[in-house]
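Structure file upload.cif; described as mmCIF, C-alpha atoms, pLDDT in the B column; chains and numbers go by the auth columns.
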```cif
data_my_file
#
loop_
_atom_site.group_PDB
_atom_site.id
_atom_site.type_symbol
_atom_site.label_atom_id
_atom_site.label_comp_id
_atom_site.label_asym_id
_atom_site.label_seq_id
_atom_site.Cartn_x
_atom_site.Cartn_y
_atom_site.Cartn_z
_atom_site.B_iso_or_equiv
_atom_site.auth_seq_id
_atom_site.auth_asym_id
ATOM 1 C CA MET A 1 75.093 80.768 46.807 83.00 14 A
ATOM 2 C CA LEU A 2 72.250 83.263 47.179 86.00 15 A
ATOM 3 C CA ARG A 3 70.565 84.098 50.470 87.00 16 A
ATOM 4 C CA LEU A 4 67.457 86.258 50.455 85.00 17 A
ATOM 5 C CA GLY A 5 66.122 88.270 53.389 85.00 18 A
ATOM 6 C CA LYS A 6 63.610 91.025 54.008 86.00 19 A
ATOM 7 C CA VAL A 7 64.664 94.434 55.333 84.00 20 A
ATOM 8 C CA GLY A 8 62.137 96.571 57.185 77.00 21 A
ATOM 9 C CA PRO A 9 61.936 100.349 56.785 74.00 22 A
ATOM 10 C CA ALA A 10 64.101 100.844 59.891 73.00 23 A
ATOM 11 C CA GLY A 11 66.605 98.081 59.061 75.00 24 A
ATOM 12 C CA GLY A 12 69.286 100.274 57.522 76.00 25 A
ATOM 13 C CA ALA A 13 71.442 100.579 60.645 79.00 26 A
ATOM 14 C CA TYR A 14 72.503 96.931 60.430 79.00 27 A
ATOM 15 C CA TYR A 15 73.683 97.285 56.829 79.00 28 A
ATOM 16 C CA LEU A 16 75.560 100.517 57.442 77.00 29 A
ATOM 17 C CA ALA A 17 77.308 99.479 60.681 74.00 30 A
ATOM 18 C CA PRO A 18 80.960 98.393 60.501 65.00 31 A
ATOM 19 C CA ALA A 19 81.283 94.628 60.107 59.00 32 A
ATOM 20 C CA GLU A 20 82.553 92.669 63.077 57.00 33 A
ATOM 21 C CA GLY A 21 84.001 89.209 63.363 50.00 34 A
ATOM 22 C CA THR A 22 84.562 88.603 59.661 48.00 35 A
ATOM 23 C CA GLY A 23 88.133 87.446 60.268 51.00 36 A
ATOM 24 C CA THR A 24 89.316 89.451 57.268 52.00 37 A
ATOM 25 C CA GLY A 25 88.822 92.967 58.538 50.00 38 A
ATOM 26 C CA ALA A 26 86.003 95.243 57.477 56.00 39 A
ATOM 27 C CA GLU A 27 83.384 94.262 54.944 67.00 40 A
ATOM 28 C CA PRO A 28 83.730 96.084 51.633 71.00 41 A
ATOM 29 C CA ALA A 29 81.441 99.075 51.241 76.00 42 A
ATOM 30 C CA GLY A 30 78.089 98.395 49.594 81.00 43 A
ATOM 31 C CA GLN A 31 77.700 99.366 45.951 84.00 44 A
ATOM 32 C CA TRP A 32 74.569 100.503 44.152 88.00 45 A
ATOM 33 C CA LEU A 33 73.642 97.912 41.506 86.00 46 A
ATOM 34 C CA GLY A 34 70.692 97.259 39.256 85.00 47 A
ATOM 35 C CA ARG A 35 68.607 98.984 36.623 83.00 48 A
ATOM 36 C CA GLY A 36 66.823 101.367 38.986 84.00 49 A
ATOM 37 C CA VAL A 37 69.819 103.109 40.481 88.00 50 A
ATOM 38 C CA GLY A 38 70.467 105.345 37.486 88.00 51 A
ATOM 39 C CA ALA A 39 66.897 106.643 37.441 87.00 52 A
ATOM 40 C CA LEU A 40 67.261 107.549 41.126 90.00 53 A
ATOM 41 C CA GLY A 41 70.608 109.304 40.604 90.00 54 A
ATOM 42 C CA LEU A 42 72.563 106.679 42.560 92.00 55 A
ATOM 43 C CA ALA A 43 76.012 105.351 41.698 91.00 56 A
ATOM 44 C CA GLY A 44 79.096 104.035 43.421 90.00 57 A
ATOM 45 C CA THR A 45 79.263 103.410 47.154 89.00 58 A
ATOM 46 C CA VAL A 46 76.093 103.248 49.245 87.00 59 A
ATOM 47 C CA ALA A 47 75.768 106.221 51.621 88.00 60 A
ATOM 48 C CA ARG A 48 73.689 106.298 54.805 87.00 61 A
ATOM 49 C CA GLU A 49 71.100 109.020 54.049 90.00 62 A
ATOM 50 C CA PRO A 50 70.045 107.887 50.555 91.00 63 A
ATOM 51 C CA PHE A 51 69.869 104.269 51.735 90.00 64 A
ATOM 52 C CA GLU A 52 67.705 105.119 54.750 88.00 65 A
ATOM 53 C CA ARG A 53 65.412 107.280 52.604 89.00 66 A
ATOM 54 C CA LEU A 54 64.902 104.442 50.129 88.00 67 A
ATOM 55 C CA LEU A 55 64.062 102.013 52.939 86.00 68 A
ATOM 56 C CA ALA A 56 61.450 104.510 54.116 84.00 69 A
ATOM 57 C CA GLY A 57 59.920 104.591 50.610 84.00 70 A
ATOM 58 C CA CYS A 58 61.281 108.026 49.682 88.00 71 A
ATOM 59 C CA HIS A 59 63.455 109.401 46.890 92.00 72 A
ATOM 60 C CA PRO A 60 67.122 109.117 47.976 92.00 73 A
ATOM 61 C CA GLU A 61 67.942 112.773 47.217 91.00 74 A
ATOM 62 C CA SER A 62 64.758 114.806 47.607 91.00 75 A
ATOM 63 C CA GLY A 63 63.107 112.734 50.341 90.00 76 A
ATOM 64 C CA GLU A 64 59.780 112.887 48.474 91.00 77 A
ATOM 65 C CA PRO A 65 57.603 109.757 48.819 88.00 78 A
ATOM 66 C CA LEU A 66 57.996 107.315 45.917 83.00 79 A
ATOM 67 C CA GLY A 67 54.478 105.976 46.353 77.00 80 A
ATOM 68 C CA PRO A 68 51.574 105.805 48.751 71.00 81 A
ATOM 69 C CA SER A 69 52.396 105.676 52.435 67.00 82 A
ATOM 70 C CA LEU A 70 52.514 102.120 53.686 61.00 83 A
ATOM 71 C CA SER A 71 52.555 100.613 57.148 63.00 84 A
ATOM 72 C CA ALA A 72 55.738 100.308 59.204 62.00 85 A
ATOM 73 C CA ARG A 73 55.476 96.536 58.769 66.00 86 A
ATOM 74 C CA ARG A 74 56.065 96.655 55.036 74.00 87 A
ATOM 75 C CA VAL A 75 59.233 95.373 53.398 78.00 88 A
ATOM 76 C CA GLY A 76 61.636 98.252 52.776 77.00 89 A
ATOM 77 C CA ALA A 77 63.997 96.173 50.642 82.00 90 A
ATOM 78 C CA TYR A 78 65.217 92.681 49.952 83.00 91 A
ATOM 79 C CA ASP A 79 68.728 91.683 50.993 84.00 92 A
ATOM 80 C CA LEU A 80 70.337 89.466 48.376 85.00 93 A
ATOM 81 C CA THR A 81 73.632 88.035 49.611 85.00 94 A
ATOM 82 C CA PHE A 82 75.722 86.383 46.911 87.00 95 A
ATOM 83 C CA ALA A 83 78.447 84.165 48.372 88.00 96 A
ATOM 84 C CA ALA A 84 81.091 82.337 46.391 89.00 97 A
ATOM 85 C CA PRO A 85 81.680 78.671 47.266 91.00 98 A
ATOM 86 C CA LYS A 86 84.394 78.035 49.849 93.00 99 A
ATOM 87 C CA SER A 87 86.752 76.668 47.193 93.00 100 A
ATOM 88 C CA VAL A 88 86.550 79.964 45.268 92.00 101 A
ATOM 89 C CA SER A 89 87.176 81.978 48.442 89.00 102 A
ATOM 90 C CA LEU A 90 90.189 79.834 49.290 93.00 103 A
ATOM 91 C CA LEU A 91 91.597 80.186 45.779 93.00 104 A
ATOM 92 C CA ALA A 92 91.218 83.965 45.920 91.00 105 A
ATOM 93 C CA THR A 93 92.903 84.104 49.326 90.00 106 A
ATOM 94 C CA LEU A 94 95.709 81.567 48.966 94.00 107 A
ATOM 95 C CA ALA A 95 96.774 81.828 45.321 92.00 108 A
ATOM 96 C CA GLY A 96 98.348 85.277 45.550 91.00 109 A
ATOM 97 C CA ALA A 97 97.313 88.807 44.757 92.00 110 A
ATOM 98 C CA GLU A 98 97.239 88.464 40.962 95.00 111 A
ATOM 99 C CA VAL A 99 95.028 85.364 40.948 95.00 112 A
ATOM 100 C CA GLY A 100 92.955 86.767 43.814 92.00 113 A
ATOM 101 C CA SER A 101 92.136 89.934 41.881 93.00 114 A
ATOM 102 C CA VAL A 102 91.067 87.875 38.837 95.00 115 A
ATOM 103 C CA VAL A 103 88.861 85.638 41.016 94.00 116 A
ATOM 104 C CA LEU A 104 87.287 88.696 42.676 91.00 117 A
ATOM 105 C CA ALA A 105 86.602 90.325 39.297 93.00 118 A
ATOM 106 C CA CYS A 106 84.963 87.097 38.078 94.00 119 A
ATOM 107 C CA HIS A 107 82.810 86.922 41.199 92.00 120 A
ATOM 108 C CA GLN A 108 81.724 90.556 40.814 89.00 121 A
ATOM 109 C CA ARG A 109 80.830 89.942 37.167 93.00 122 A
ATOM 110 C CA ALA A 110 78.846 86.824 38.132 93.00 123 A
ATOM 111 C CA VAL A 111 76.929 88.774 40.801 90.00 124 A
ATOM 112 C CA ALA A 112 76.069 91.521 38.301 89.00 125 A
ATOM 113 C CA ARG A 113 74.810 88.940 35.784 92.00 126 A
ATOM 114 C CA ALA A 114 72.799 87.072 38.426 91.00 127 A
ATOM 115 C CA LEU A 115 71.211 90.320 39.593 89.00 128 A
ATOM 116 C CA GLY A 116 70.386 91.199 35.995 89.00 129 A
ATOM 117 C CA TYR A 117 68.707 87.821 35.567 90.00 130 A
ATOM 118 C CA LEU A 118 66.681 88.324 38.755 88.00 131 A
ATOM 119 C CA GLU A 119 65.589 91.791 37.614 86.00 132 A
ATOM 120 C CA GLU A 120 64.566 90.399 34.233 85.00 133 A
ATOM 121 C CA ARG A 121 62.860 87.182 35.344 82.00 134 A
ATOM 122 C CA ALA A 122 62.060 87.198 39.064 79.00 135 A
ATOM 123 C CA ALA A 123 61.052 90.749 39.988 70.00 136 A
ATOM 124 C CA GLY A 124 57.526 91.809 39.162 65.00 137 A
ATOM 125 C CA LEU A 125 54.772 94.211 39.971 58.00 138 A
ATOM 126 C CA ARG A 126 51.091 93.620 40.416 57.00 139 A
ATOM 127 C CA VAL A 127 48.213 95.923 41.140 56.00 140 A
ATOM 128 C CA ALA A 128 46.099 94.645 44.026 61.00 141 A
ATOM 129 C CA ASP A 129 42.492 95.511 44.838 61.00 142 A
ATOM 130 C CA GLY A 130 42.113 99.209 45.463 62.00 143 A
ATOM 131 C CA GLY A 131 44.974 100.113 43.119 60.00 144 A
ATOM 132 C CA VAL A 132 47.741 99.530 45.690 59.00 145 A
ATOM 133 C CA ARG A 133 50.930 98.501 43.912 57.00 146 A
ATOM 134 C CA ARG A 134 52.952 95.741 45.462 53.00 147 A
ATOM 135 C CA VAL A 135 56.205 94.138 44.354 52.00 148 A
ATOM 136 C CA GLU A 136 55.973 90.364 44.209 50.00 149 A
#
```
Mind turning the file's structure into structure tokens?
Amino acid sequence: MLRLGKVGPAGGAYYLAPAEGTGTGAEPAGQWLGRGVGALGLAGTVAREPFERLLAGCHPESGEPLGPSLSARRVGAYDLTFAAPKSVSLLATLAGAEVGSVVLACHQRAVARALGYLEERAAGLRVADGGVRRVE
């Protein structure tokens, strides 16, 4: 299942706070995924400062603006939450460590492929009146 949400420029604190009430301990650390991360010098686990800079519309390392300054009401990012069906979660949890690791690897591969599809087919860019670029 895929849930989509908007993240404002100041919304990073929620995503970087320790998870509570998951029943399974802490949430796994976020990972940089997608075609754009390499161009921005990002890899591996998401760290606070680069993430907050990106939400503010700045380069994650240098802090330089990535485009024209936009209002505080703009969308800083989109939160795509990929959740496996309950039956897959139960299989991964109850079938033992060996099966669980295979199920997790399959889920991670499926998420990467789904994200690749969304980058290829669903993400776009248009130039509005006045030359302001907006992601659609």
Starting from the displayed file, determine the output of the PyMOL selection byres ((chain A and resi 91) around 6) and express the residue list as a PyMOL selection string.
chain A and resi 18-20+90+92
Excluding Leu29 in chain A and residues on its chain fewer than 2 positions from it, collect all residues at most 10 Å away from it, counting all atoms listed in the file, and give them as an mmCIF file with C-alpha atoms, in the frame of the given file.
```
data_model
loop_
_atom_site.group_PDB
_atom_site.id
_atom_site.type_symbol
_atom_site.label_atom_id
_atom_site.label_comp_id
_atom_site.auth_asym_id
_atom_site.auth_seq_id
_atom_site.Cartn_x
_atom_site.Cartn_y
_atom_site.Cartn_z
ATOM 1 C CA GLY A 24 66.605 98.081 59.061
ATOM 2 C CA GLY A 25 69.286 100.274 57.522
ATOM 3 C CA ALA A 26 71.442 100.579 60.645
ATOM 4 C CA TYR A 27 72.503 96.931 60.430
ATOM 5 C CA PRO A 31 80.960 98.393 60.501
ATOM 6 C CA ALA A 32 81.283 94.628 60.107
ATOM 7 C CA ALA A 42 81.441 99.075 51.241
ATOM 8 C CA GLY A 43 78.089 98.395 49.594
ATOM 9 C CA VAL A 59 76.093 103.248 49.245
ATOM 10 C CA ALA A 60 75.768 106.221 51.621
ATOM 11 C CA ARG A 61 73.689 106.298 54.805
ATOM 12 C CA PHE A 64 69.869 104.269 51.735
ATOM 13 C CA GLU A 65 67.705 105.119 54.750
#
```
Residues returned when the PyMOL selection byres ((chain A and resi 22) around 7) runs on this file, as number ranges by chain:
A: 20-21, 23-24, 68-69, 85, 88-89
Translate the PyMOL selection byres ((chain A and resi 79) around 12) into a concrete residue list for this structure, as a PyMOL selection string.
chain A and resi 53+66-78+80-83+89+146
Measuring between all atoms listed in the file, which one of A:Gly57, A:Thr106, A:Ala96, A:Leu117 shows the shortest distance to Trp45 in chain A?
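Among the listed residues, A:Gly57 lies closest to Trp45 in chain A.
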The residue from A:Gly49, A:Thr58, A:Met14, A:Ala127 with the smallest atom-to-atom distance to Ala97 in chain A, counting all atoms listed in the file, is A:Met14
For Leu93 in chain A, which residue out of A:Gly113, A:Leu55, A:Leu46, A:Cys119 is the nearest one, using only C-alpha atoms?
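Closest to Leu93 in chain A of all the choices is A:Leu46.
Interatomic distance, CA of Arg16 in chain A to CA of Leu103 in chain A: 20.1 Å.
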Would you compute the distance between CA of Ser100 in chain A and CA of Glu132 in chain A? Give it in Å to one decimal.
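Answer for the CA of Ser100 in chain A to CA of Glu132 in chain A separation: 27.7 Å.
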For the atom pair CA of Gly47 in chain A and CA of Val101 in chain A, what is the interatomic distance in Å to one decimal place?
24.2 Å
Considering all atoms listed in the file, state which residue in the set A:Lys99, A:Thr94, A:Ala110, A:Val115 is at the smallest distance from Leu128 in chain A.
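Distance minimum relative to Leu128 in chain A lands on A:Thr94.
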Because some atoms of range 113-142 of chain A are absent here, can you restore N, CA and C atoms and send them as a compact mmCIF listing (two decimals), in the coordinates of the input?
```txt
# COMPACT_ATOMS: atom_id res chain seq x y z
N GLY A 113 94.05 86.30 42.97
CA GLY A 113 92.96 86.77 43.81
C GLY A 113 92.17 87.89 43.17
N SER A 114 92.85 88.82 42.52
CA SER A 114 92.14 89.93 41.88
C SER A 114 91.32 89.45 40.69
N VAL A 115 91.82 88.44 39.96
CA VAL A 115 91.07 87.88 38.84
C VAL A 115 89.82 87.14 39.36
N VAL A 116 89.99 86.37 40.43
CA VAL A 116 88.86 85.64 41.02
C VAL A 116 87.80 86.62 41.51
N LEU A 117 88.23 87.69 42.18
CA LEU A 117 87.29 88.70 42.68
C LEU A 117 86.54 89.36 41.52
N ALA A 118 87.25 89.71 40.46
CA ALA A 118 86.60 90.32 39.30
C ALA A 118 85.57 89.38 38.68
N CYS A 119 85.91 88.09 38.61
CA CYS A 119 84.96 87.10 38.08
C CYS A 119 83.73 86.99 38.97
N HIS A 120 83.94 87.00 40.28
CA HIS A 120 82.81 86.92 41.20
C HIS A 120 81.91 88.15 41.05
N GLN A 121 82.51 89.33 40.96
CA GLN A 121 81.72 90.56 40.81
C GLN A 121 80.94 90.54 39.51
N ARG A 122 81.53 90.04 38.45
CA ARG A 122 80.83 89.94 37.17
C ARG A 122 79.67 88.94 37.27
N ALA A 123 79.90 87.82 37.96
CA ALA A 123 78.85 86.82 38.13
C ALA A 123 77.68 87.38 38.95
N VAL A 124 77.98 88.15 39.99
CA VAL A 124 76.93 88.77 40.80
C VAL A 124 76.11 89.74 39.95
N ALA A 125 76.78 90.56 39.16
CA ALA A 125 76.07 91.52 38.30
C ALA A 125 75.16 90.80 37.31
N ARG A 126 75.63 89.70 36.74
CA ARG A 126 74.81 88.94 35.78
C ARG A 126 73.64 88.27 36.48
N ALA A 127 73.89 87.72 37.67
CA ALA A 127 72.80 87.07 38.43
C ALA A 127 71.74 88.10 38.81
N LEU A 128 72.16 89.27 39.24
CA LEU A 128 71.21 90.32 39.59
C LEU A 128 70.41 90.75 38.36
N GLY A 129 71.08 90.86 37.23
CA GLY A 129 70.39 91.20 35.99
C GLY A 129 69.33 90.16 35.64
N TYR A 130 69.67 88.90 35.81
CA TYR A 130 68.71 87.82 35.57
C TYR A 130 67.51 87.95 36.50
N LEU A 131 67.78 88.19 37.79
CA LEU A 131 66.68 88.32 38.76
C LEU A 131 65.79 89.52 38.42
N GLU A 132 66.39 90.62 38.01
CA GLU A 132 65.59 91.79 37.61
C GLU A 132 64.72 91.47 36.41
N GLU A 133 65.28 90.74 35.47
CA GLU A 133 64.57 90.40 34.23
C GLU A 133 63.47 89.36 34.45
N ARG A 134 63.74 88.34 35.25
CA ARG A 134 62.86 87.18 35.34
C ARG A 134 62.09 87.03 36.65
N ALA A 135 62.66 87.51 37.77
CA ALA A 135 62.06 87.20 39.06
C ALA A 135 61.33 88.37 39.71
N ALA A 136 61.69 89.59 39.38
CA ALA A 136 61.05 90.75 39.99
C ALA A 136 59.81 91.09 39.17
N GLY A 137 58.75 91.46 39.86
CA GLY A 137 57.53 91.81 39.16
C GLY A 137 56.71 92.80 39.95
N LEU A 138 55.66 93.24 39.35
CA LEU A 138 54.77 94.21 39.97
C LEU A 138 53.35 93.79 39.67
N ARG A 139 52.50 93.87 40.67
CA ARG A 139 51.09 93.62 40.42
C ARG A 139 50.29 94.72 41.07
N VAL A 140 49.10 94.94 40.56
CA VAL A 140 48.21 95.92 41.14
C VAL A 140 47.13 95.15 41.89
N ALA A 141 47.08 95.35 43.19
CA ALA A 141 46.10 94.64 44.03
C ALA A 141 44.78 95.42 44.03
N ASP A 142 43.79 94.84 44.70
CA ASP A 142 42.49 95.51 44.84
C ASP A 142 42.68 96.89 45.44
```
